[in-house]
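K.L.:
Supplied structure: query-v9.cif, mmCIF, C-alpha atoms.
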data_data
#
loop_
_atom_site.label_atom_id
_atom_site.label_comp_id
_atom_site.auth_asym_id
_atom_site.auth_seq_id
_atom_site.Cartn_x
_atom_site.Cartn_y
_atom_site.Cartn_z
CA MET A 12 46.62 -29.71 13.90
CA ASN A 13 44.31 -31.96 11.86
CA LYS A 14 42.00 -32.30 14.87
CA LEU A 15 41.79 -28.52 15.22
CA LYS A 16 40.87 -28.19 11.53
CA ILE A 17 38.06 -30.70 11.94
CA ILE A 18 36.67 -28.84 14.97
CA ALA A 19 36.91 -25.50 13.16
CA LEU A 20 35.07 -26.88 10.13
CA SER A 21 32.32 -28.31 12.31
CA THR A 22 31.89 -24.97 14.09
CA LEU A 23 31.66 -23.11 10.79
CA LEU A 24 28.96 -25.45 9.50
CA GLY A 25 26.97 -24.81 12.66
CA ILE A 26 27.09 -21.06 12.25
CA ILE A 27 26.19 -20.92 8.52
CA PRO A 28 22.40 -21.24 8.07
CA LEU A 29 20.99 -23.41 5.37
CA GLY A 30 18.38 -22.61 2.73
CA CYS A 31 17.70 -19.69 0.46
CA SER A 32 15.91 -16.45 1.04
CA LYS A 33 13.60 -14.09 -0.71
CA VAL A 34 15.19 -11.27 -2.65
CA GLU A 35 13.18 -8.14 -3.22
CA LEU A 36 13.95 -5.16 -5.44
CA ASP A 37 11.18 -2.62 -5.74
CA ASN A 38 10.07 0.91 -5.12
CA ASN A 39 6.62 -0.25 -3.98
CA ARG A 40 4.98 2.45 -6.01
CA CYS A 41 3.61 3.13 -9.48
CA ALA A 42 4.32 6.85 -9.35
CA ASN A 43 4.83 7.35 -13.07
CA THR A 44 2.03 5.12 -14.29
CA PRO A 45 -0.01 6.99 -16.92
CA ASP A 46 -3.77 6.70 -16.87
CA ASN A 47 -5.18 3.51 -18.38
CA ASN A 48 -1.86 1.74 -17.91
CA ILE A 49 -0.08 -1.14 -16.27
CA CYS A 50 2.62 -1.12 -13.64
CA ILE A 51 4.89 -3.75 -12.07
CA TYR A 52 4.50 -2.77 -8.45
CA ARG A 53 7.00 -5.23 -7.01
CA VAL A 54 9.35 -8.06 -8.04
CA THR A 55 10.36 -10.81 -5.61
CA THR A 56 12.59 -13.82 -6.29
CA LYS A 57 13.27 -17.07 -4.53
CA ALA A 58 15.82 -19.40 -6.13
CA ASP A 59 14.82 -19.39 -9.83
CA THR A 60 11.16 -18.42 -9.20
CA VAL A 61 10.09 -14.85 -9.95
CA THR A 62 6.88 -13.32 -8.57
CA LEU A 63 5.44 -10.07 -9.91
CA ARG A 64 2.77 -7.87 -8.35
CA VAL A 65 1.06 -6.06 -11.23
CA LYS A 66 -1.42 -3.17 -11.18
CA VAL A 67 -3.76 -2.63 -14.15
CA LEU A 68 -5.63 0.68 -13.97
CA ASP A 69 -8.35 2.39 -15.96
CA ASN A 70 -8.34 6.06 -16.93
CA GLU A 71 -9.59 7.03 -13.45
CA ARG A 72 -6.83 4.97 -11.75
CA VAL A 73 -9.36 2.38 -10.57
CA PRO A 74 -7.93 -1.18 -10.71
CA ILE A 75 -9.29 -3.33 -13.55
CA GLU A 76 -10.37 -6.76 -12.32
CA GLY A 77 -11.33 -9.96 -14.12
CA LEU A 78 -8.32 -10.39 -16.44
CA ASN A 79 -7.00 -13.92 -17.09
CA LYS A 80 -3.49 -15.12 -17.91
CA ASN A 81 -4.19 -15.18 -21.66
CA ASP A 82 -4.60 -11.38 -21.44
CA PHE A 83 -1.03 -10.99 -20.14
CA ARG A 84 2.27 -11.10 -22.06
CA ILE A 85 5.50 -11.49 -20.10
CA ASN A 86 8.82 -10.55 -21.70
CA THR A 87 11.95 -11.21 -19.67
CA THR A 88 15.65 -11.68 -20.41
CA ASN A 89 17.80 -14.82 -20.18
CA GLY A 90 21.34 -15.22 -18.87
CA LYS A 91 22.74 -13.69 -22.08
CA GLY A 92 20.50 -10.62 -21.86
CA GLU A 93 18.34 -11.79 -24.77
CA THR A 94 14.59 -11.13 -24.70
CA VAL A 95 12.43 -14.18 -23.98
CA ARG A 96 8.63 -14.16 -24.29
CA LEU A 97 6.88 -16.56 -21.93
CA ASN A 98 3.89 -18.58 -23.10
CA PRO A 99 0.72 -18.38 -20.98
CA SER A 100 1.36 -22.02 -20.00
CA GLU A 101 4.68 -20.95 -18.42
CA ILE A 102 3.11 -18.50 -15.97
CA THR A 103 0.85 -18.87 -12.95
CA LEU A 104 -1.67 -16.09 -12.35
CA LEU A 105 -3.51 -15.18 -9.19
CA SER A 106 -6.26 -12.65 -9.84
CA SER A 107 -6.45 -9.49 -7.76
CA GLU A 108 -9.28 -11.14 -5.81
CA GLN A 109 -7.15 -14.24 -5.10
CA SER A 110 -3.81 -12.65 -4.25
CA LYS A 111 -3.01 -11.80 -0.66
CA PRO A 112 -2.89 -8.01 -0.18
CA ASP A 113 0.02 -6.33 1.54
CA PRO A 114 -0.41 -4.89 5.03
CA ALA A 115 -1.92 -1.39 5.00
CA LYS A 116 -2.29 1.64 7.25
CA LEU A 117 -5.21 3.93 6.46
CA VAL A 118 -6.29 7.29 7.86
CA MET A 119 -9.95 8.06 7.17
CA LEU A 120 -10.69 11.79 7.50
CA LEU A 121 -14.38 12.41 8.12
CA ASP A 122 -15.85 15.90 7.66
CA MET A 123 -17.83 16.94 10.76
CA SER A 124 -18.96 20.34 9.51
CA GLY A 125 -22.52 21.57 9.97
CA SER A 126 -23.36 20.95 6.31
CA MET A 127 -23.14 17.20 6.97
CA LYS A 128 -26.57 17.60 8.56
CA ASN A 129 -27.98 18.18 5.07
CA GLU A 130 -29.62 15.33 3.20
CA ASP A 131 -28.06 13.69 0.16
CA SER A 132 -29.90 13.03 -3.12
CA ALA A 133 -31.55 9.95 -1.58
CA GLY A 134 -32.87 11.89 1.43
CA ILE A 135 -30.35 10.46 3.91
CA LYS A 136 -28.47 12.75 6.28
CA LYS A 137 -24.92 12.97 4.94
CA LEU A 138 -23.30 12.17 8.28
CA ASP A 139 -25.39 8.99 8.51
CA GLY A 140 -24.48 8.06 4.95
CA ALA A 141 -20.77 8.67 5.58
CA VAL A 142 -20.70 6.74 8.86
CA GLY A 143 -22.64 3.86 7.31
CA GLY A 144 -20.26 3.72 4.36
CA VAL A 145 -17.19 3.68 6.58
CA ARG A 146 -18.76 0.96 8.73
CA GLU A 147 -19.41 -1.25 5.69
CA PHE A 148 -15.87 -0.59 4.42
CA ILE A 149 -14.41 -1.78 7.73
CA ASN A 150 -16.67 -4.85 7.79
CA GLU A 151 -15.46 -5.90 4.32
CA VAL A 152 -11.81 -5.50 5.32
CA LYS A 153 -12.47 -7.44 8.53
CA GLY A 154 -14.39 -10.16 6.70
CA ASP A 155 -11.53 -10.75 4.27
CA ASN A 156 -9.09 -10.97 7.22
CA TRP A 157 -6.74 -8.36 5.80
CA ASP A 158 -3.84 -6.96 7.78
CA VAL A 159 -5.13 -3.38 7.80
CA GLN A 160 -4.89 -0.76 10.52
CA ILE A 161 -7.38 2.10 10.36
CA SER A 162 -7.54 5.46 12.10
CA ILE A 163 -10.92 7.20 11.86
CA VAL A 164 -10.27 10.90 12.34
CA PRO A 165 -13.09 13.49 12.43
CA PHE A 166 -12.12 17.02 11.40
CA GLY A 167 -13.64 20.49 11.57
CA GLU A 168 -12.77 23.86 13.08
CA LYS A 169 -14.82 26.21 15.20
CA GLY A 170 -16.30 29.33 13.65
CA GLY A 171 -19.53 30.87 12.42
CA GLY A 172 -20.94 30.85 15.94
CA CYS A 173 -19.95 27.23 16.61
CA GLU A 174 -17.42 26.49 19.37
CA LYS A 175 -17.15 22.79 18.58
CA GLU A 176 -13.93 21.67 16.86
CA PHE A 177 -12.19 18.43 15.93
CA PRO A 178 -8.42 19.07 15.93
CA VAL A 179 -6.17 16.78 13.90
CA ASN A 180 -2.53 16.08 14.70
CA ALA A 181 -0.17 13.09 14.93
CA SER A 182 -1.24 12.30 18.50
CA VAL A 183 -4.94 12.19 17.61
CA ILE A 184 -4.29 9.99 14.57
CA ASP A 185 -2.08 7.63 16.58
CA GLU A 186 -4.58 7.37 19.43
CA ASN A 187 -7.36 6.37 17.03
CA ILE A 188 -5.50 3.77 14.96
CA ARG A 189 -6.80 0.23 15.41
CA PRO A 190 -6.64 -3.10 13.56
CA SER A 191 -9.67 -3.51 11.31
CA TRP A 192 -11.11 -6.24 13.56
CA SER A 193 -11.12 -4.03 16.66
CA PRO A 194 -14.58 -3.33 18.12
CA ASP A 195 -13.27 0.13 19.06
CA LEU A 196 -13.77 1.26 15.45
CA SER A 197 -17.48 0.42 15.50
CA GLN A 198 -17.90 2.10 18.87
CA GLN A 199 -16.18 5.24 17.58
CA LEU A 200 -18.53 5.34 14.59
CA ASP A 201 -21.53 5.01 16.91
CA LYS A 202 -20.34 8.06 18.85
CA LEU A 203 -19.65 10.12 15.72
CA ALA A 204 -23.12 9.36 14.33
CA ASN A 205 -24.70 10.97 17.40
CA VAL A 206 -22.60 14.16 17.48
CA ASP A 207 -24.52 17.41 17.09
CA ILE A 208 -22.30 18.85 14.37
CA CYS A 209 -21.86 22.53 13.58
CA SER A 210 -18.15 23.01 12.80
CA GLN A 211 -16.63 24.49 9.66
CA THR A 212 -14.60 22.61 7.06
CA ASN A 213 -10.81 22.86 7.12
CA ILE A 214 -9.42 20.36 4.63
CA TYR A 215 -5.76 21.25 4.11
CA GLN A 216 -4.39 21.18 7.67
CA PRO A 217 -5.92 17.80 8.66
CA LEU A 218 -4.88 16.29 5.35
CA GLY A 219 -1.31 17.54 5.71
CA GLU A 220 -1.15 16.10 9.24
CA ALA A 221 -2.41 12.71 8.05
CA VAL A 222 0.09 12.48 5.18
CA ASN A 223 2.91 13.61 7.45
CA TYR A 224 1.95 10.98 10.07
CA LEU A 225 1.89 8.10 7.58
CA GLY A 226 5.01 9.26 5.78
CA ASN A 227 7.05 9.21 8.99
CA LEU A 228 6.06 5.69 10.07
CA GLN A 229 9.06 3.37 10.34
CA GLN A 230 9.00 -0.38 9.77
CA ALA A 231 10.89 -2.49 12.32
CA LYS A 232 14.28 -3.66 11.02
CA ASN A 233 13.52 -7.31 11.79
CA ASP A 234 10.13 -7.14 10.05
CA LYS A 235 10.52 -9.08 6.78
CA SER A 236 6.94 -8.51 5.59
CA PRO A 237 6.31 -6.14 2.67
CA PRO A 238 6.16 -2.45 3.63
CA PRO A 239 2.58 -1.44 4.45
CA ARG A 240 0.49 0.48 1.93
CA LEU A 241 -0.07 4.01 3.16
CA ALA A 242 -3.25 5.86 2.22
CA VAL A 243 -5.54 8.66 3.35
CA ILE A 244 -9.25 8.59 2.51
CA LEU A 245 -10.77 12.06 2.66
CA LEU A 246 -14.56 12.40 2.81
CA SER A 247 -15.88 15.95 2.69
CA ASP A 248 -19.00 17.77 1.52
CA GLY A 249 -17.49 21.26 1.58
CA TYR A 250 -14.45 23.43 0.99
CA ASP A 251 -11.63 24.80 3.11
CA VAL A 252 -12.83 27.97 4.89
CA THR A 253 -9.75 28.65 7.05
CA ASN A 254 -8.91 32.36 7.34
CA ASP A 255 -11.99 33.15 5.24
CA ARG A 256 -10.02 31.73 2.26
CA ARG A 257 -7.75 34.78 2.13
CA ASP A 258 -4.62 32.61 1.79
CA GLU A 259 -6.27 29.54 0.28
CA SER A 260 -3.93 29.31 -2.70
CA GLU A 261 -0.77 29.57 -0.57
CA ARG A 262 -2.01 26.95 1.88
CA PHE A 263 -2.89 24.60 -0.96
CA ASP A 264 0.63 24.98 -2.40
CA ARG A 265 2.08 24.09 1.01
CA LEU A 266 -0.11 20.99 1.05
CA LEU A 267 1.24 19.95 -2.33
CA GLU A 268 4.76 20.30 -0.92
CA VAL A 269 3.84 17.83 1.85
CA PHE A 270 2.70 15.37 -0.83
CA ARG A 271 6.08 15.71 -2.57
CA LEU A 272 7.91 14.97 0.70
CA TYR A 273 6.02 11.69 1.18
CA PRO A 274 5.47 10.17 -2.28
CA LYS A 275 4.52 6.73 -0.91
CA VAL A 276 1.33 8.10 0.67
CA THR A 277 -1.73 8.01 -1.58
CA VAL A 278 -4.73 10.26 -0.98
CA HIS A 279 -8.18 9.22 -2.22
CA THR A 280 -10.78 12.00 -2.17
CA MET A 281 -14.55 11.81 -1.99
CA GLY A 282 -16.79 14.83 -2.50
CA TYR A 283 -20.19 14.00 -0.99
CA GLY A 284 -22.99 16.00 -2.59
CA GLU A 285 -23.82 17.97 -5.72
CA LYS A 286 -21.23 18.64 -8.35
CA MET A 287 -20.59 22.31 -9.11
CA LYS A 288 -22.34 22.19 -12.47
CA GLU A 289 -25.44 20.65 -10.89
CA LEU A 290 -25.52 23.28 -8.16
CA ARG A 291 -24.99 26.09 -10.69
CA ASP A 292 -27.88 24.87 -12.83
CA ARG A 293 -30.14 24.35 -9.81
CA ILE A 294 -29.73 27.92 -8.56
CA GLY A 295 -29.71 29.44 -12.07
CA CYS A 296 -26.22 30.93 -11.78
CA ARG A 297 -24.77 32.34 -15.01
CA LEU A 298 -21.24 30.95 -14.83
CA SER A 299 -19.44 29.15 -17.61
CA ASP A 300 -17.72 25.85 -16.89
CA ASN A 301 -14.34 27.60 -16.83
CA GLU A 302 -15.62 30.10 -14.26
CA LEU A 303 -16.84 27.44 -11.82
CA THR A 304 -14.94 27.97 -8.59
CA VAL A 305 -15.95 28.03 -4.94
CA ASP A 306 -15.56 31.79 -4.66
CA ASN A 307 -17.49 32.54 -7.86
CA LEU A 308 -20.38 30.29 -6.82
CA LYS A 309 -20.57 32.05 -3.45
CA LYS A 310 -21.15 35.33 -5.29
CA CYS A 311 -24.16 33.89 -7.12
CA ARG A 312 -26.18 33.44 -3.96
CA SER A 313 -25.32 34.07 -0.34
CA ASN A 314 -27.16 31.14 1.23
CA ILE A 315 -25.59 28.22 -0.68
CA ASP A 316 -22.32 27.87 1.26
CA SER A 317 -23.40 24.59 2.86
CA TYR A 318 -24.01 23.04 -0.58
CA ILE A 319 -20.72 23.92 -2.27
CA VAL A 320 -18.17 21.10 -2.55
CA ASP A 321 -14.71 22.06 -3.79
CA GLU A 322 -14.72 19.64 -6.71
CA PRO A 323 -11.60 21.04 -8.48
CA ARG A 324 -9.39 20.96 -5.36
CA LEU A 325 -10.46 17.45 -4.38
CA LYS A 326 -9.52 16.23 -7.85
CA GLN A 327 -6.18 18.06 -7.74
CA ILE A 328 -5.38 16.42 -4.40
CA ALA A 329 -6.08 12.92 -5.72
CA ASP A 330 -4.19 13.59 -8.95
CA ALA A 331 -1.13 14.85 -7.05
CA THR A 332 -0.83 11.58 -5.12
CA ARG A 333 -2.01 9.14 -7.82
CA GLY A 334 -5.19 8.51 -5.87
CA ILE A 335 -8.82 8.13 -6.92
CA ASN A 336 -11.26 11.04 -6.92
CA ALA A 337 -14.98 10.33 -6.75
CA PHE A 338 -18.19 12.30 -6.24
CA PRO A 339 -20.93 10.15 -4.70
CA ALA A 340 -24.36 11.75 -4.59
CA ASP A 341 -25.91 9.41 -2.02
CA ALA A 342 -25.10 6.90 0.71
CA LYS A 343 -25.12 3.87 -1.63
CA ALA A 344 -22.61 5.60 -3.90
CA VAL A 345 -20.44 6.32 -0.85
CA VAL A 346 -20.22 2.57 -0.17
CA ASP A 347 -19.42 1.83 -3.84
CA THR A 348 -16.71 4.49 -3.82
CA LEU A 349 -15.11 3.09 -0.68
CA ARG A 350 -15.02 -0.32 -2.38
CA LYS A 351 -13.06 1.26 -5.23
CA PHE A 352 -10.58 2.65 -2.73
CA LEU A 353 -10.32 -0.80 -1.14
CA SER A 354 -9.52 -2.41 -4.50
CA THR A 355 -6.34 -0.31 -4.79
CA LEU A 356 -4.76 -2.47 -2.06
CA ARG A 357 -4.71 -5.52 -4.37
CA GLU A 358 -2.85 -6.50 -7.54
CA TYR A 359 -2.51 -9.41 -9.91
CA GLU A 360 0.22 -11.86 -8.90
CA ILE A 361 2.22 -13.51 -11.71
CA GLU A 362 4.77 -16.25 -11.08
CA TYR A 363 7.22 -17.91 -13.48
CA LYS A 364 10.53 -19.77 -13.62
CA GLN A 365 13.38 -17.57 -14.81
CA PRO A 366 14.68 -18.70 -18.24
CA GLY A 367 18.47 -19.18 -18.24
CA ALA A 368 18.64 -18.63 -14.48
CA ARG A 369 22.12 -18.14 -13.07
CA ARG A 370 23.34 -17.06 -9.69
CA SER A 371 23.71 -13.29 -9.20
CA GLY A 372 22.16 -12.72 -12.62
CA ASN A 373 20.57 -9.40 -13.52
CA TYR A 374 17.34 -9.47 -15.51
CA LYS A 375 14.51 -7.28 -16.71
CA VAL A 376 10.82 -7.94 -17.15
CA THR A 377 8.05 -6.16 -19.02
CA VAL A 378 4.35 -6.95 -18.71
CA SER A 379 1.79 -6.07 -21.35
CA VAL A 380 -1.98 -6.57 -21.45
CA ASN A 381 -4.18 -7.03 -24.47
CA SER A 382 -7.89 -7.08 -23.62
CA PRO A 383 -9.80 -4.99 -26.18
CA TYR A 384 -13.21 -5.56 -24.55
CA ARG A 385 -11.82 -3.79 -21.45
CA GLY A 386 -10.28 -1.00 -23.49
CA LEU A 387 -6.72 -2.34 -23.14
CA ARG A 388 -4.88 -2.78 -26.42
CA ASN A 389 -1.29 -3.94 -25.97
CA VAL A 390 -0.78 -1.70 -22.96
CA LYS A 391 2.80 -2.15 -21.75
CA SER A 392 4.55 -1.52 -18.45
CA GLU A 393 7.93 0.08 -18.00
CA PRO A 394 10.77 -2.51 -17.76
CA LYS A 395 11.49 -3.58 -14.19
CA PRO A 396 15.02 -4.76 -13.29
CA TYR A 397 15.66 -7.48 -10.74
CA ARG A 398 18.47 -9.70 -9.49
CA LEU A 399 18.39 -13.46 -9.07
CA ASP A 400 20.42 -14.78 -6.15
CA THR A 401 19.95 -18.54 -6.29
CA PHE A 402 21.63 -19.21 -2.95
CA ASP A 403 21.15 -16.13 -0.89
CA TYR A 404 22.38 -15.89 2.70
CA ILE A 405 20.04 -15.10 5.53
CA ALA A 406 21.29 -15.05 9.12
CA LEU A 407 19.41 -17.27 11.54
CA PRO A 408 18.66 -15.83 14.98
CA LEU A 409 21.14 -16.85 17.68
CA PRO A 410 18.60 -19.05 19.57
CA GLU A 411 18.18 -21.12 16.37
CA ARG A 412 21.91 -21.29 15.63
CA LEU A 413 22.97 -22.50 19.08
CA PRO A 414 21.15 -25.88 18.94
CA ILE A 415 22.60 -26.50 15.47
CA LEU A 416 26.10 -25.62 16.67
CA GLY A 417 25.73 -27.80 19.79
CA SER A 418 24.47 -30.77 17.78
CA ILE A 419 27.35 -30.56 15.33
CA LEU A 420 29.95 -30.24 18.12
CA ILE A 421 28.51 -33.30 19.90
CA LEU A 422 28.46 -35.24 16.61
CA GLY A 423 32.05 -34.19 15.94
CA LEU A 424 33.21 -35.34 19.38
CA VAL A 425 31.35 -38.67 19.07
CA THR A 426 33.05 -39.41 15.74
CA MET A 427 36.47 -38.13 16.79
CA ILE A 428 36.84 -40.21 20.00
CA PRO A 429 36.92 -43.62 18.17
CA PHE A 430 39.26 -42.10 15.58
CA ILE A 431 41.68 -40.88 18.27
CA TRP A 432 41.54 -44.29 20.02
CA TRP A 433 42.19 -46.09 16.73
CA SER A 434 45.05 -43.71 15.90
CA ASN A 435 46.70 -44.32 19.30
CA GLN A 436 46.35 -48.08 18.83
CA LEU A 437 48.16 -47.88 15.48
CA LYS A 438 50.95 -45.82 17.04
CA ASP A 439 51.38 -48.32 19.93
CA SER A 440 51.41 -51.23 17.50
CA SER A 441 54.04 -49.53 15.33
CA LEU A 442 56.27 -48.85 18.38
CA ARG A 443 55.99 -52.47 19.53
CA ASN A 444 56.98 -53.70 16.08
CA LEU A 445 60.02 -51.39 15.99
CA ASN A 446 61.19 -52.50 19.44
CA SER A 447 60.78 -56.23 18.77
#
Would you kindly transcribe this structure into structure tokens?
P.N.:
Amino acid sequence: MNKLKIIALSTLLGIIPLGCSKVELDNNRCANTPDNNICIYRVTTKADTVTLRVKVLDNERVPIEGLNKNDFRINTTNGKGETVRLNPSEITLLSSEQSKPDPAKLVMLLDMSGSMKNEDSAGIKKLDGAVGGVREFINEVKGDNWDVQISIVPFGEKGGGCEKEFPVNASVIDENIRPSWSPDLSQQLDKLANVDICSQTNIYQPLGEAVNYLGNLQQAKNDKSPPPRLAVILLSDGYDVTNDRRDESERFDRLLEVFRLYPKVTVHTMGYGEKMKELRDRIGCRLSDNELTVDNLKKCRSNIDSYIVDEPRLKQIADATRGINAFPADAKAVVDTLRKFLSTLREYEIEYKQPGARRSGNYKVTVSVNSPYRGLRNVKSEPKPYRLDTFDYIALPLPERLPILGSILILGLVTMIPFIWWSNQLKDSSLRNLNS
């Protein structure tokens, strides 16, 4: 019986993996972050080490860079639930430029309507400016060796005497998605730059398809990497003309419903061209600021359709998904705007040792920032709960467990054989002594 116990114990030790794992509690989103605020995007723990990913945003939801650890204040709780403030010397900070960004999947919707033939304020054809901006965006992602997959998707519907269209659906998006280093992306941009465009703008349907596609992506169960960031970048110089805008309001409401179904997808919008106020003043239209809409501007002059960009709707779309809305006037500003969008994939990374760490302990952390010269005066995040499992179990794959199990069984047999021989010798000696 004792021998069986030894064998059973050896087998158990072979099956149980050693080491500790990473524990992660997060919603991977800063959905309720007010403007000009700070958000703890994710908390991860390993043994008694806690790592925070922290977003700091300005009033346009653009990440604020350049903060140092003296600008941050970390309040956590100890094993008794008491608040503990950490000194700057007790934390390690990686800036947003130093921290490794999470994987990301991006859909870039590119307007291929006839108005993209027009020149921007710098005299560059808008399609050339857009394609050049996207190309530089991809080169920066590729140069930094980020794990980013990009689908460049042209959109536009036929109409107004043009039979050319660029349909958007899940199949088209999936066919175009490539890792950022793929030469296919550059080749696709070369082709798009040479298209003779004439289509009409249809924003809502392509955008809904893109959000729906990203929102339904599933991460493999055995993939232990952080969930990918999901974002759509919409570049348009027009407004949605589907059905001659008869049901524009209803279709926009349906688009907002899609956003609510997939809250982890962010949409960044870029209106390429003149703002409505600039266009109004240029054509001498007598509309007040409150009266500035696409349909009212169209009534001012019949030949300005190709210059109207739906500024209010683009802003509403970005606001609804906590994205960034921008209005570049020329190709250089397009590049700068895309860099802003790129910066949203990064956060500050703060690491510290948990005060009063105990196994299976529940804690909370709050991060505040005080940097008056950046307009941040004691801005505080919402508390973020997390759990500390000092010795967490993680199952090793069977191919890794089998060698461990075999080694322990062999070791057990090697040590048991001399013991059994020695035990038999003692028994024989005892029997001889009793019989003598």
K.L.:
Smallest atom-to-atom distance to A:Cys311: which of A:Lys326, A:Arg271, A:Arg293, A:Arg265, using only C-alpha atoms?
P.N.:
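Closest candidate: A:Arg293.
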K.L.:
Return the single residue from A:Ile161, A:Val152, A:Val65, A:Leu266 that is closest to A:Glu393, with distances computed using only C-alpha atoms.
P.N.:
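Comparing A:Ile161, A:Val152, A:Val65, A:Leu266 against A:Glu393, the winner is A:Val65.
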K.L.:
Would you give the centre and edge lengths, in Å to one decimal, of a box along x, y and z around the listed atoms of stretch 254-266 of chain A, with 4 Å added to each side, as AutoDock Vina command-line options?
P.N.:
--center_x -5.0 --center_y 27.9 --center_z 2.3 --size_x 22.1 --size_y 21.8 --size_z 18.0
K.L.:
Taking into account all atoms listed in the file, which residue in the set A:Glu285, A:Glu259, A:Glu358, A:Asp82 is nearest to A:Tyr384?
P.N.:
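Under the stated criterion, the closest residue is A:Asp82.
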K.L.:
Can you tell me how far atom CA of A:Lys364 sits from atom CA of A:Tyr397, in Å to one decimal?
P.N.:
13.6 Å
K.L.:
Mind pulling up the distance from atom CA of A:Ile319 to atom CA of A:Tyr250?
P.N.:
7.1 Å
K.L.:
Point out the residue among A:Val206, A:Leu78, A:Ala58, A:Leu246 with the least atom-to-atom distance to A:Arg369, counting all atoms listed in the file.
P.N.:
A:Ala58
K.L.:
Name the closest residue to A:Gly372 among the candidates A:Leu399, A:Met287, A:Leu272, A:Ile335; distances are taken between atoms, counting only C-alpha atoms.
P.N.:
A:Leu399
K.L.:
One decimal, in Å: what's the spacing between atom CA of A:Ser193 and atom CA of A:Pro178?
P.N.:
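For atom CA of A:Ser193 relative to atom CA of A:Pro178, the distance reads 23.3 Å.
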K.L.:
Counting all atoms listed in the file, which residues sit no farther than 9 Å from the position (-29.0, 5.5, -2.7) in the file's frame? I'd like them as a PyMOL selection string.
P.N.:
chain A and resi 131-135+340-345
K.L.:
Which residue out of A:Asn89, A:Thr348, A:Thr212, A:Gln160 has the minimum interatomic distance to A:Asp195 when only C-alpha atoms are used?
P.N.:
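Distance minimum relative to A:Asp195 lands on A:Gln160.
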